[in-house]
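Asker: So here's my_file_35.cif (mmCIF, C-alpha atoms, pLDDT in the B column; chains and numbers go by the auth columns).
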```cif
data_upload
#
loop_
_atom_site.group_PDB
_atom_site.id
_atom_site.type_symbol
_atom_site.label_atom_id
_atom_site.label_comp_id
_atom_site.label_asym_id
_atom_site.label_seq_id
_atom_site.Cartn_x
_atom_site.Cartn_y
_atom_site.Cartn_z
_atom_site.B_iso_or_equiv
_atom_site.auth_seq_id
_atom_site.auth_asym_id
ATOM 1 C CA LYS A 1 0.000 0.000 0.000 71.00 223 A
ATOM 2 C CA THR A 2 1.227 3.469 -0.804 71.00 224 A
ATOM 3 C CA ARG A 3 0.810 5.946 2.037 68.00 225 A
ATOM 4 C CA LYS A 4 1.355 9.706 2.116 65.00 226 A
ATOM 5 C CA ARG A 5 2.483 12.048 4.866 70.00 227 A
ATOM 6 C CA PRO A 6 5.150 10.830 4.994 73.00 228 A
ATOM 7 C CA LEU A 7 5.330 9.092 1.641 82.00 229 A
ATOM 8 C CA ARG A 8 6.030 5.362 2.007 87.00 230 A
ATOM 9 C CA LEU A 9 5.049 1.846 1.011 92.00 231 A
ATOM 10 C CA GLU A 10 3.678 -0.403 3.745 93.00 232 A
ATOM 11 C CA GLY A 11 2.863 -4.062 3.916 94.00 233 A
ATOM 12 C CA ARG A 12 1.782 -6.539 6.572 96.00 234 A
ATOM 13 C CA PHE A 13 2.433 -10.233 6.142 96.00 235 A
ATOM 14 C CA GLU A 14 0.861 -12.856 8.386 96.00 236 A
ATOM 15 C CA PHE A 15 2.112 -16.388 8.876 96.00 237 A
ATOM 16 C CA GLN A 16 0.831 -19.620 10.366 95.00 238 A
ATOM 17 C CA SER A 17 3.820 -20.186 12.626 95.00 239 A
ATOM 18 C CA TYR A 18 6.914 -18.559 14.078 96.00 240 A
ATOM 19 C CA GLU A 19 9.030 -20.828 11.880 96.00 241 A
ATOM 20 C CA ASN A 20 7.354 -19.399 8.756 95.00 242 A
ATOM 21 C CA THR A 21 7.863 -15.861 10.061 96.00 243 A
ATOM 22 C CA ARG A 22 11.531 -16.526 10.711 96.00 244 A
ATOM 23 C CA ASP A 23 12.065 -18.122 7.287 95.00 245 A
ATOM 24 C CA PHE A 24 10.526 -15.042 5.650 96.00 246 A
ATOM 25 C CA LEU A 25 12.731 -12.696 7.700 97.00 247 A
ATOM 26 C CA ASP A 26 15.830 -14.713 6.768 96.00 248 A
ATOM 27 C CA SER A 27 14.894 -14.476 3.075 96.00 249 A
ATOM 28 C CA LEU A 28 14.219 -10.754 3.412 97.00 250 A
ATOM 29 C CA SER A 29 17.597 -10.287 5.057 97.00 251 A
ATOM 30 C CA SER A 30 19.361 -12.028 2.166 96.00 252 A
ATOM 31 C CA LEU A 31 17.463 -9.956 -0.409 96.00 253 A
ATOM 32 C CA SER A 32 18.220 -6.713 1.418 96.00 254 A
ATOM 33 C CA GLU A 33 21.917 -7.515 1.674 96.00 255 A
ATOM 34 C CA LYS A 34 22.053 -8.447 -2.001 96.00 256 A
ATOM 35 C CA ILE A 35 20.544 -5.193 -3.259 93.00 257 A
ATOM 36 C CA GLN A 36 21.688 -2.995 -0.334 94.00 258 A
ATOM 37 C CA LYS A 37 18.197 -1.707 0.415 93.00 259 A
ATOM 38 C CA PHE A 38 16.902 -1.994 3.963 94.00 260 A
ATOM 39 C CA PRO A 39 13.237 -1.444 4.891 95.00 261 A
ATOM 40 C CA ASP A 40 11.900 -0.632 8.336 95.00 262 A
ATOM 41 C CA ILE A 41 10.690 -3.886 9.894 97.00 263 A
ATOM 42 C CA SER A 42 8.638 -4.754 12.937 97.00 264 A
ATOM 43 C CA PHE A 43 7.476 -8.254 13.685 97.00 265 A
ATOM 44 C CA GLY A 44 5.867 -10.573 16.162 97.00 266 A
ATOM 45 C CA LYS A 45 5.430 -14.307 16.410 97.00 267 A
ATOM 46 C CA THR A 46 3.265 -14.641 13.285 97.00 268 A
ATOM 47 C CA TYR A 47 3.439 -11.313 11.455 97.00 269 A
ATOM 48 C CA VAL A 48 5.860 -8.900 9.805 97.00 270 A
ATOM 49 C CA ASN A 49 5.220 -5.216 9.079 97.00 271 A
ATOM 50 C CA ILE A 50 7.459 -3.622 6.449 97.00 272 A
ATOM 51 C CA THR A 51 7.821 0.049 5.531 95.00 273 A
ATOM 52 C CA ILE A 52 9.825 1.306 2.564 93.00 274 A
ATOM 53 C CA ARG A 53 10.643 5.012 2.668 87.00 275 A
ATOM 54 C CA PRO A 54 12.456 7.229 0.146 81.00 276 A
ATOM 55 C CA GLU A 55 16.197 7.159 0.766 75.00 277 A
ATOM 56 C CA ASN A 56 16.705 10.899 0.432 68.00 278 A
ATOM 57 C CA ASP A 57 14.821 14.162 0.704 58.00 279 A
ATOM 58 C CA LEU A 58 14.798 14.650 -3.065 56.00 280 A
ATOM 59 C CA GLU A 59 12.290 11.805 -3.365 54.00 281 A
ATOM 60 C CA LYS A 60 9.653 13.124 -0.974 63.00 282 A
ATOM 61 C CA ASP A 61 6.998 13.670 -3.680 71.00 283 A
ATOM 62 C CA PHE A 62 7.205 10.241 -5.294 76.00 284 A
ATOM 63 C CA LEU A 63 8.560 6.782 -4.672 82.00 285 A
ATOM 64 C CA PRO A 64 11.026 5.661 -7.316 84.00 286 A
ATOM 65 C CA LYS A 65 10.397 2.577 -9.422 89.00 287 A
ATOM 66 C CA GLU A 66 13.182 0.811 -7.507 90.00 288 A
ATOM 67 C CA ASP A 67 11.120 1.037 -4.304 91.00 289 A
ATOM 68 C CA HIS A 68 8.089 -0.489 -6.028 91.00 290 A
ATOM 69 C CA ASP A 69 10.305 -3.202 -7.544 94.00 291 A
ATOM 70 C CA PHE A 70 11.740 -3.908 -4.100 95.00 292 A
ATOM 71 C CA ALA A 71 8.217 -4.226 -2.653 94.00 293 A
ATOM 72 C CA GLU A 72 7.331 -6.728 -5.386 94.00 294 A
ATOM 73 C CA SER A 73 10.508 -8.683 -4.650 95.00 295 A
ATOM 74 C CA ILE A 74 9.542 -8.833 -0.983 95.00 296 A
ATOM 75 C CA SER A 75 6.084 -10.151 -1.883 92.00 297 A
ATOM 76 C CA SER A 76 7.659 -12.844 -4.030 93.00 298 A
ATOM 77 C CA LEU A 77 9.443 -14.187 -0.929 93.00 299 A
ATOM 78 C CA LEU A 78 6.129 -15.281 0.561 88.00 300 A
ATOM 79 C CA PRO A 79 5.620 -19.020 0.635 74.00 301 A
ATOM 80 C CA LEU A 80 2.576 -20.314 -1.188 61.00 302 A
ATOM 81 C CA ASN A 81 1.382 -21.902 2.037 51.00 303 A
ATOM 82 C CA ASN A 82 2.501 -19.585 4.792 51.00 304 A
#
```
Represent the structure of the file as structure tokens.

Answerer:
Amino acid sequence: KTRKRPLRLEGRFEFQSYENTRDFLDSLSSLSEKIQKFPDISFGKTYVNITIRPENDLEKDFLPKEDHDFAESISSLLPLNN
């Protein structure tokens, strides 16, 4: 979801177990390290909240395509049967 004030992308992912949550976080960590982009993350036993914000003040009116691509990459990490 795109949010304004401040501009950001947000997503919430829910899982059936802590093991699934942890597997997702491990995959997200690997992806983030690979592309050197690090979202804000909060999580609990069976959920993960992710926020992607613009990296600099020049991008406060729009989110670059790279941020949307990153969000899609994160979604692709979800297991079919989480």

Asker: Considering only C-alpha atoms, can you say which of A:Glu232, A:Pro301, A:Pro286, A:Glu294 comes closest to Asp262 (chain A)?

Answerer: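 Ranking A:Glu232, A:Pro301, A:Pro286, A:Glu294 by distance to Asp262 (chain A), first place goes to A:Glu232.
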
Asker: One decimal, in Å: what's the spacing between CA of Gly266 (chain A) and CA of Gly233 (chain A)?

Answerer: 14.2 Å

Asker: Can you tell me, as a list in words, what residues are no more than 12 Å from Ser295 (chain A) when counting only C-alpha atoms, ignoring any on the same chain fewer than 5 positions away?

Answerer: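 Returned residues: Ser249, Leu250, Ser252, Leu253, Ser254, Lys256, Ile257, Lys259, Glu288, Asp289, His290 and Leu300 of chain A.
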
Asker: Go ahead and save the picked residues with C-alpha atoms, as a PDB file, in the frame of the given file.

Answerer:
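out15.pdb was written with the following content:
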```pdb
ATOM      1  CA  SER A 249      14.894 -14.476   3.075  1.00 96.00           C
ATOM      2  CA  LEU A 250      14.219 -10.754   3.412  1.00 97.00           C
ATOM      3  CA  SER A 252      19.361 -12.028   2.166  1.00 96.00           C
ATOM      4  CA  LEU A 253      17.463  -9.956  -0.409  1.00 96.00           C
ATOM      5  CA  SER A 254      18.220  -6.713   1.418  1.00 96.00           C
ATOM      6  CA  LYS A 256      22.053  -8.447  -2.001  1.00 96.00           C
ATOM      7  CA  ILE A 257      20.544  -5.193  -3.259  1.00 93.00           C
ATOM      8  CA  LYS A 259      18.197  -1.707   0.415  1.00 93.00           C
ATOM      9  CA  GLU A 288      13.182   0.811  -7.507  1.00 90.00           C
ATOM     10  CA  ASP A 289      11.120   1.037  -4.304  1.00 91.00           C
ATOM     11  CA  HIS A 290       8.089  -0.489  -6.028  1.00 91.00           C
ATOM     12  CA  LEU A 300       6.129 -15.281   0.561  1.00 88.00           C
TER      13      LEU A 300
END
```

Asker: What's the separation between CA of Thr268 (chain A) and CA of Lys287 (chain A), in Å to one decimal place?

Answerer: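 So the two atoms, CA of Thr268 (chain A) and CA of Lys287 (chain A), lie 29.4 Å apart.
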
Asker: Just how far from CA of Glu277 (chain A) is CA of Arg244 (chain A), in Å to one decimal?

Answerer: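 If I compute the distance from CA of Arg244 (chain A) to CA of Glu277 (chain A), I get 26.1 Å.
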
Asker: List the neighbours of Tyr269 (chain A) out to 7 Å using all atoms listed in the file; skip same-chain residues closer than 2 positions along the sequence, and give me the result as a PyMOL selection string.

Answerer: chain A and resi 235-237+243+265-267+271

Asker: Would you write out those residues with C-alpha atoms, as a PDB file, keeping the file's coordinate frame?

Answerer:
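Once everything was written out, this is out.pdb:
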```pdb
ATOM      1  CA  PHE A 235       2.433 -10.233   6.142  1.00 96.00           C
ATOM      2  CA  GLU A 236       0.861 -12.856   8.386  1.00 96.00           C
ATOM      3  CA  PHE A 237       2.112 -16.388   8.876  1.00 96.00           C
ATOM      4  CA  THR A 243       7.863 -15.861  10.061  1.00 96.00           C
ATOM      5  CA  PHE A 265       7.476  -8.254  13.685  1.00 97.00           C
ATOM      6  CA  GLY A 266       5.867 -10.573  16.162  1.00 97.00           C
ATOM      7  CA  LYS A 267       5.430 -14.307  16.410  1.00 97.00           C
ATOM      8  CA  ASN A 271       5.220  -5.216   9.079  1.00 97.00           C
TER       9      ASN A 271
END
```

Asker: Between A:Leu231, A:Gln258, A:Ser298, A:Thr224, which is the closest to Ile274 (chain A) once you count only C-alpha atoms?

Answerer: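 Once distances to Ile274 (chain A) are computed over only C-alpha atoms, the minimum belongs to A:Leu231.
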